[in-house]
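**Q** I am attaching a structure below and will ask some questions about it afterwards.
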Amino acid sequence: MNLDTVRRFCLSFPGATEKLQWTDSLCFKVRGKIFAIVAVDSVPPKICLKCTPEKFSELIEQEEIIPAPYLGRYKWVLLQRLDVLRDAELEELVSESYGMVAAKTKAKAVRPAKKKLKKKR
């Protein structure tokens with residue numbers, strides 16, 4: 001995959017948006033939460049994705065895939081090149097990242113708001 005195909009794929013998900021942040025990071029979001037980050041100024045471009053703990057452990061064993069700086073403790077990986085994995089594998093990772101983030105934001109969106117208690121004076 002190249003930068004254009006990754007961009008098109010990320011934007012194909014329901015509610016997906018993109019925003020250039022931190023000068024050179026193209027962030028793909030759902031309901032305001034990031035599910036993929038592409039370093040566009042990097043040569044070659046890099047991509048950062050959320051994954052399950054099992055997948056995280058499996059992926060960081062491969063060359064050129066590392067725990068994402070600042071996000072690794074939350075099970076995000078950094079692929080140091082877009083072609084580290086086959087296209088189908090990368091698409092699956094992006095899909096899983098989107099699914100995890102979308103599910104979490106949806107759960108927060110439907111949770112009823114807590115009622116505030118009035119203080120007695």
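Going through the structure tokens in order, the chains are called A, B, and so on, while each chain numbers its residues from 1 and the ligands are numbered from 1 in the order shown.
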When you look at Tyr98 of chain A with a cut-off of 12 Å (counting only C-alpha atoms), what residues show up, excluding the ones that are within fewer than 5 positions of it in the same chain? I need them as a ChimeraX atom specification.
**A** /A:9-17,28-37,48-52,91-93,103-106
**Q** Taking the chain letters and numbering used in this document, name the residues of chain A that DSSP puts in alpha helix (DSSP H), as a PyMOL selection string.
**A** chain A and resi 3-11+53-59+87-110
